[in-house]
Amino acid sequence: RQEDLSTEEEEILENKIQEALSQVQHYKFSLERKHENLREVRERFLLEADNRRERLTEGRQRLQEAEANYKEVCRVLEEKEREMAEAKARLENIPKLTQLKQLYYTVSRITINKSSKQNQLKGFVVNPRKEDVNTFAFDYTDPNISAEFVRNYLWDLIAAGVKPDWDRF
């Protein structure tokens, strides 16, 4: 009977061992599935983090480009504002310039060409005494032409057209 008992106990023991082994394997597979799931979650998290980092880098680059563009636009606007202020100042002087031009013509019968280039003086002087018009054109870039020479020449043209009464002075 002891042998029978022993075999029976062995079977019970072996069944319990098999159950325990089965539970251990089941637990092992469960842990492996959880480990695999965690690995997949980690990979998705890392991929999402890389995507966010890339988007942030692109966003930073776009922001830097926009900032540079903004600075350039501000610089251009400041330049345009200066130009507008200068143009406004010139426009404010137009009535004064017109009055000055009329005064020059009334006193000296001199008309200056507005379309002459920079560093050039062109125009004409009316001589009512001889019913004549004398033209002039000076280029200040020419080293032989000085401001004093131009001034004296123009006064000579004006003087040639004054009334004879002024000749005795």
# chains A, B, ... in the order shown; residues from 1 in each chain; ligands from 1
call {"tool": "select_by_dssp", "arguments": {"residues": "segment 14-148 of chain A", "states": "strand (DSSP E)", "output": "count of residues only"}}
result
19
call {"tool": "select_by_dssp", "arguments": {"residues": "segment 54-139 of chain A", "states": "helix (DSSP H, G or I)", "output": "ChimeraX atom specification"}}
result
/A:54-108
call {"tool": "residues_around", "arguments": {"residues": "Val150 of chain A", "least_positions_apart": "6", "cutoff": "10 Å", "atoms": "only C-alpha atoms", "output": "ChimeraX atom specification"}}
result
/A:121,136-140,156
call {"tool": "residues_around", "arguments": {"residues": "segment 108-120 of chain A", "least_positions_apart": "4", "cutoff": "9 Å", "atoms": "only C-alpha atoms", "output": "list in words"}}
result
Lys101, Gln102, Leu103, Tyr104, Phe124, Val125, Val126, Asn127, Pro128, Ala137, Phe138, Asp139, Tyr140, Thr141, Leu154, Trp155, Ile158, Ala159, Gly161 and Val162 of chain A
